[in-house]
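Peer 1: Quick one: structure below, then a few questions.
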Amino acid sequence: MNTTKPEAPMLETRDLSRAFGHGDHMVRAVDRVSFSMQTGEIVAVVGESGSGKSTLARLLLRLLDPTGGQILLHGQDVTTLHHRGELKTYWQKVQGAFQDSFAAFNQFYTVRRSLEKALNVLDVSLSKSDRTQRIETSLREVGLDPADILDKWPHQLSGGQLQRVMIARALVVGPELLIADEPTSMLDASLRVTVLNLLLDLRKSHNMSILFITHDLGQANYLSDRILVMYRGELVEQGPVEQVLADPQHEYTQRLLADVPRLRGKSGVPA
Amino acid sequence: MTAIPQEQTGGQMFMAGLKRTRNTMSLLNPRFMFGLVLLGFLLFFGIFGPFIFNKTDPMKFVGMLYDPPSATAWLGTDNFGRDVFTQLMFGIRTSLMIGIIAGTVATLIGVLIGTVAGYTGGMVEEVLMALTNIVITIPSIVILILLSIAFKTRSLLVMGIIIGVTTWPWTARAVRAQTSSLRTREHVDVARLSGTPTLGLIFWEIIPYMLSYIVMAFVLQLNSGILQEAALSMLGLGIDKGISLGIMLQWALLWESVRTGAWWAFIPPTLLLTLIAFSLLLLQSSIDEIFNPRLRRS
């Protein structure tokens, strides 16, 4: 059976919500968000700080329980999974990469140990050589030399290297979907392109879907097929990149675009 | 997670602290050195003293009631005519042993309850913290007295454990607070994505990041354990075989050493207790200073 048939998208959310606090102090960080993604698709989620992008990422990674709605993977509801065993199966298919690569690694572990731990999510116990091989393949895929990097500690690596190790960490388990939460926001401009291109390569070679979370419309435009615009926890607009950027419907999207003069090629506004 | 530049993490501070200690801090921080030398001296006195001075039996009668200091009994004798100097050396051993057992027990319980409460949150946290607060509220000396009476034999180990199970709440509270803040770090999320079980997360992702903190908590617990032992012993609830600084004080009080002017019976043990506590607190506060840059004066 083809799992990518249109009626069962790879990932789908239905009215996904997460609120923090109670009563008057309740904050709806993610409010009735519904969207779907197909295999091999790159979808960008854009929005300002506090718009709920990162909460959405944590919900989709099942690091945080939703207060309402559903997440479906290949048509199967995964919001009901709670035990570690069930979630492990989910995490074999959905992995994440985070913004602050310095904070995302346990600084008491070498790169080798961090990556070996990532393999624990697999059900099968691999032989030592299988483990090493998987790890080395992933590292080469993200453009790093395993011999050079495996026995280093996180503080010995640069931000760009760490970010690539983090993507390699997700790759070792061969996920179908990578949720990348602002993976470039702490990198130099020159390194950003490297990471973005890496993500594009991964999609090409593994047919991997990527949910790319960013506040930068330029990066979203460069990378993604579709854009979701979030504002105060709500999904205010979604559609193909060209369409959303060329003809924004929601007032907030229009404002976002107005803040990026270069993108619209407005004459008279210096870039 | 949102874009908040992380503060220096506990682990980085720990590493940096170690590096500084190696380089200059230990030599430049006279407080640390003084505390270390003082504690080392007391330990040496307690462990090797009996062999060096060839005084290996604290219960041996060497004179009469409250003999003043002399060539045979350098610090006089106690109410049974036993050598005070010898008793001091063995007293230090007992006090430190009980302190170490109590400190270890208290730190283990405190860290376990604190991390589980802080990491799990919700009902588990409420219940564990309610328990902690109850134990804090009951004056620990009352529990100590009741527990001490309940045991038929009070060995070193039993005493240490009795003290340990009443002093853990402060550690538990402090550790819970640290854990609550550490569990939101990204590396914990990353480890969860690798399917790490909760206890694994606590042990590998949270505890290493507050190790310096736990070491300091242990030193404080060790200190309070020694003082608690002295307090219990003075009430006559100390270990039933052997001598401790507190037991020396108990006999000195019971046999009117203060009124009869036998200062050698009560001043030396008091002084040693003070010195032990002083050296441990010096160490604790200077370790704190090494790991917490905000306390450091340039």
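Ligands are numbered from 1 in the order shown, residues from 1 within each chain, and chains are lettered A, B, ... in the order they appear in the structure tokens.
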Residues of chain B that have any atom at most 6 Å from an atom of chain A: could you tabulate them with the shortest-distance atom pair and the distance in Å to one decimal, using only C-alpha atoms, ordered by chain and increasing number, as a tab-separated table?
Peer 2:
residue	atom	partner	partner_atom	distance
B:Met1	CA	A:Ser54	CA	5.1
B:Glu186	CA	A:Ala104	CA	4.7
B:His187	CA	A:Ala104	CA	4.0
B:Ser194	CA	A:Ala118	CA	4.7
B:Gly195	CA	A:Val121	CA	4.9
Peer 1: Restricted to C-alpha atoms, what would the selected residues look like written as a CSV table (one decimal), in the first residue's frame?
Peer 2:
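Here's the written file part33.csv:
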chain,number,residue,atom,x,y,z
B,1,MET,CA,13.0,26.6,21.8
B,186,GLU,CA,17.7,21.6,24.8
B,187,HIS,CA,20.2,18.8,25.5
B,194,SER,CA,16.9,9.4,21.5
B,195,GLY,CA,14.5,7.5,23.7
Peer 1: Which of stretch 39-248 of chain A end up as strand (DSSP E) when DSSP is run on this backbone - answer as a VMD selection string?
Peer 2: chain A and resid 42 to 46 68 to 73 76 to 77 94 to 97 177 to 181 209 to 214 226 to 231 234 to 240
Peer 1: Can you pull out the residues contacting B:Gly121? Cut-off 12 Å, using only C-alpha atoms, and skip same-chain residues under 2 positions away; I want them as a CSV table (one decimal) with C-alpha atoms, in the first residue's frame.
Peer 2:
chain,number,residue,atom,x,y,z
B,113,ILE,CA,13.8,13.2,45.7
B,114,GLY,CA,14.9,16.6,44.4
B,115,THR,CA,15.7,15.4,40.8
B,116,VAL,CA,12.6,13.2,40.5
B,117,ALA,CA,10.3,16.0,41.8
B,118,GLY,CA,11.9,18.6,39.7
B,119,TYR,CA,12.0,16.6,36.6
B,123,MET,CA,1.4,15.5,41.1
B,124,VAL,CA,4.6,13.6,41.8
B,125,GLU,CA,6.4,16.9,42.5
B,126,GLU,CA,3.5,18.2,44.7
B,127,VAL,CA,3.6,15.0,46.8
B,128,LEU,CA,7.3,14.8,47.2
B,129,MET,CA,7.6,18.5,48.0
B,176,ARG,CA,14.5,20.4,42.9
B,177,ALA,CA,14.9,24.1,42.0
B,179,THR,CA,16.4,20.4,38.2
B,180,SER,CA,13.3,22.4,37.3
B,181,SER,CA,15.5,24.9,35.4
B,183,ARG,CA,15.1,20.1,32.5
B,184,THR,CA,14.1,22.8,30.0
Peer 1: I need the residues of stretch 1-157 of chain B that end up classed as alpha helix (DSSP H) by DSSP on the backbone, written out as a VMD selection string.
Peer 2: chain B and resid 10 to 20 26 to 28 30 to 52 84 to 120 122 to 137 140 to 150 156 to 157
Peer 1: For the residues selected in the previous step, produce a file with C-alpha atoms as an mmCIF file, in the first residue's frame.
Peer 2:
data_model
loop_
_atom_site.group_PDB
_atom_site.id
_atom_site.type_symbol
_atom_site.label_atom_id
_atom_site.label_comp_id
_atom_site.auth_asym_id
_atom_site.auth_seq_id
_atom_site.Cartn_x
_atom_site.Cartn_y
_atom_site.Cartn_z
ATOM 1 C CA GLY B 10 26.481 24.636 35.241
ATOM 2 C CA GLY B 11 28.742 22.181 33.525
ATOM 3 C CA GLN B 12 30.702 24.849 31.739
ATOM 4 C CA MET B 13 31.078 26.595 35.035
ATOM 5 C CA PHE B 14 32.198 23.324 36.555
ATOM 6 C CA MET B 15 34.786 22.789 33.832
ATOM 7 C CA ALA B 16 35.905 26.398 33.940
ATOM 8 C CA GLY B 17 35.975 26.195 37.716
ATOM 9 C CA LEU B 18 38.187 23.137 37.580
ATOM 10 C CA LYS B 19 40.491 24.804 35.095
ATOM 11 C CA ARG B 20 40.772 27.880 37.241
ATOM 12 C CA SER B 26 43.622 27.262 44.550
ATOM 13 C CA LEU B 27 46.821 29.174 45.143
ATOM 14 C CA LEU B 28 45.299 32.609 44.949
ATOM 15 C CA PRO B 30 43.799 31.891 50.630
ATOM 16 C CA ARG B 31 40.468 30.974 52.150
ATOM 17 C CA PHE B 32 40.320 27.738 50.206
ATOM 18 C CA MET B 33 43.914 26.879 51.038
ATOM 19 C CA PHE B 34 43.442 27.692 54.706
ATOM 20 C CA GLY B 35 40.301 25.555 54.924
ATOM 21 C CA LEU B 36 41.996 22.695 53.114
ATOM 22 C CA VAL B 37 45.139 22.778 55.257
ATOM 23 C CA LEU B 38 43.115 23.023 58.455
ATOM 24 C CA LEU B 39 40.872 20.111 57.509
ATOM 25 C CA GLY B 40 43.879 18.105 56.323
ATOM 26 C CA PHE B 41 45.621 18.733 59.603
ATOM 27 C CA LEU B 42 42.571 17.607 61.614
ATOM 28 C CA LEU B 43 42.186 14.491 59.472
ATOM 29 C CA PHE B 44 45.850 13.679 59.829
ATOM 30 C CA PHE B 45 45.582 14.153 63.597
ATOM 31 C CA GLY B 46 42.593 11.840 63.804
ATOM 32 C CA ILE B 47 43.837 9.127 61.438
ATOM 33 C CA PHE B 48 47.563 8.953 62.110
ATOM 34 C CA GLY B 49 47.773 10.624 65.532
ATOM 35 C CA PRO B 50 47.190 7.465 67.591
ATOM 36 C CA PHE B 51 50.104 5.718 65.861
ATOM 37 C CA ILE B 52 52.422 8.709 65.889
ATOM 38 C CA VAL B 84 41.755 13.541 76.928
ATOM 39 C CA PHE B 85 44.365 13.902 74.165
ATOM 40 C CA THR B 86 43.855 10.290 73.036
ATOM 41 C CA GLN B 87 40.097 10.673 73.209
ATOM 42 C CA LEU B 88 40.282 13.741 70.983
ATOM 43 C CA MET B 89 42.020 11.808 68.219
ATOM 44 C CA PHE B 90 39.457 9.025 68.319
ATOM 45 C CA GLY B 91 36.670 11.546 68.750
ATOM 46 C CA ILE B 92 37.616 13.217 65.473
ATOM 47 C CA ARG B 93 37.494 9.844 63.719
ATOM 48 C CA THR B 94 34.023 9.086 65.034
ATOM 49 C CA SER B 95 32.669 12.551 64.341
ATOM 50 C CA LEU B 96 33.983 12.618 60.771
ATOM 51 C CA MET B 97 32.807 9.083 60.046
ATOM 52 C CA ILE B 98 29.295 9.828 61.277
ATOM 53 C CA GLY B 99 29.401 13.128 59.383
ATOM 54 C CA ILE B 100 30.411 11.379 56.161
ATOM 55 C CA ILE B 101 27.741 8.673 56.533
ATOM 56 C CA ALA B 102 25.067 11.245 57.420
ATOM 57 C CA GLY B 103 26.178 13.573 54.622
ATOM 58 C CA THR B 104 26.161 10.761 52.064
ATOM 59 C CA VAL B 105 22.739 9.482 53.135
ATOM 60 C CA ALA B 106 21.263 12.993 53.190
ATOM 61 C CA THR B 107 22.776 13.906 49.824
ATOM 62 C CA LEU B 108 21.604 10.679 48.184
ATOM 63 C CA ILE B 109 18.034 11.008 49.458
ATOM 64 C CA GLY B 110 17.980 14.740 48.758
ATOM 65 C CA VAL B 111 19.303 14.398 45.212
ATOM 66 C CA LEU B 112 16.966 11.500 44.429
ATOM 67 C CA ILE B 113 13.836 13.237 45.723
ATOM 68 C CA GLY B 114 14.865 16.633 44.361
ATOM 69 C CA THR B 115 15.657 15.441 40.845
ATOM 70 C CA VAL B 116 12.616 13.193 40.531
ATOM 71 C CA ALA B 117 10.309 15.952 41.822
ATOM 72 C CA GLY B 118 11.930 18.641 39.695
ATOM 73 C CA TYR B 119 12.038 16.566 36.552
ATOM 74 C CA THR B 120 8.657 14.865 36.732
ATOM 75 C CA GLY B 122 2.871 17.662 38.388
ATOM 76 C CA MET B 123 1.403 15.484 41.125
ATOM 77 C CA VAL B 124 4.624 13.637 41.848
ATOM 78 C CA GLU B 125 6.357 16.942 42.505
ATOM 79 C CA GLU B 126 3.524 18.157 44.729
ATOM 80 C CA VAL B 127 3.582 15.012 46.825
ATOM 81 C CA LEU B 128 7.349 14.823 47.153
ATOM 82 C CA MET B 129 7.644 18.496 48.042
ATOM 83 C CA ALA B 130 4.810 18.217 50.573
ATOM 84 C CA LEU B 131 6.725 15.366 52.188
ATOM 85 C CA THR B 132 9.894 17.452 52.163
ATOM 86 C CA ASN B 133 8.153 20.396 53.755
ATOM 87 C CA ILE B 134 6.667 18.181 56.446
ATOM 88 C CA VAL B 135 10.088 16.835 57.330
ATOM 89 C CA ILE B 136 11.472 20.387 57.397
ATOM 90 C CA THR B 137 8.702 21.612 59.667
ATOM 91 C CA SER B 140 14.758 17.542 63.421
ATOM 92 C CA ILE B 141 16.083 17.187 66.953
ATOM 93 C CA VAL B 142 12.758 15.665 67.983
ATOM 94 C CA ILE B 143 12.884 13.074 65.215
ATOM 95 C CA LEU B 144 16.511 12.448 66.045
ATOM 96 C CA ILE B 145 15.770 11.818 69.708
ATOM 97 C CA LEU B 146 12.840 9.542 68.915
ATOM 98 C CA LEU B 147 14.795 7.604 66.328
ATOM 99 C CA SER B 148 17.798 7.292 68.595
ATOM 100 C CA ILE B 149 15.666 5.870 71.388
ATOM 101 C CA ALA B 150 13.944 3.469 68.997
ATOM 102 C CA LEU B 156 28.392 4.491 63.981
ATOM 103 C CA LEU B 157 26.434 3.441 60.910
#
Peer 1: Please, what distance in Å, to one decimal, runs between atom CA of A:Ala258 and atom CA of A:Asp31?
Peer 2: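 Between atom CA of A:Ala258 and atom CA of A:Asp31 the gap is 25.2 Å.
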Peer 1: Write out as a VMD selection string which residues come within 7 Å of A:Leu72 when counting only C-alpha atoms, dropping same-chain ones fewer than 2 positions away.
Peer 2: chain A and resid 11 to 13 70 74 to 78
Peer 1: Report as a ChimeraX atom specification all protein, DNA and RNA residues lying within 7 Å of B:Arg82, evaluated on only C-alpha atoms, omitting residues in the same chain fewer than 4 positions from it.
Peer 2: /B:58-63,77-78
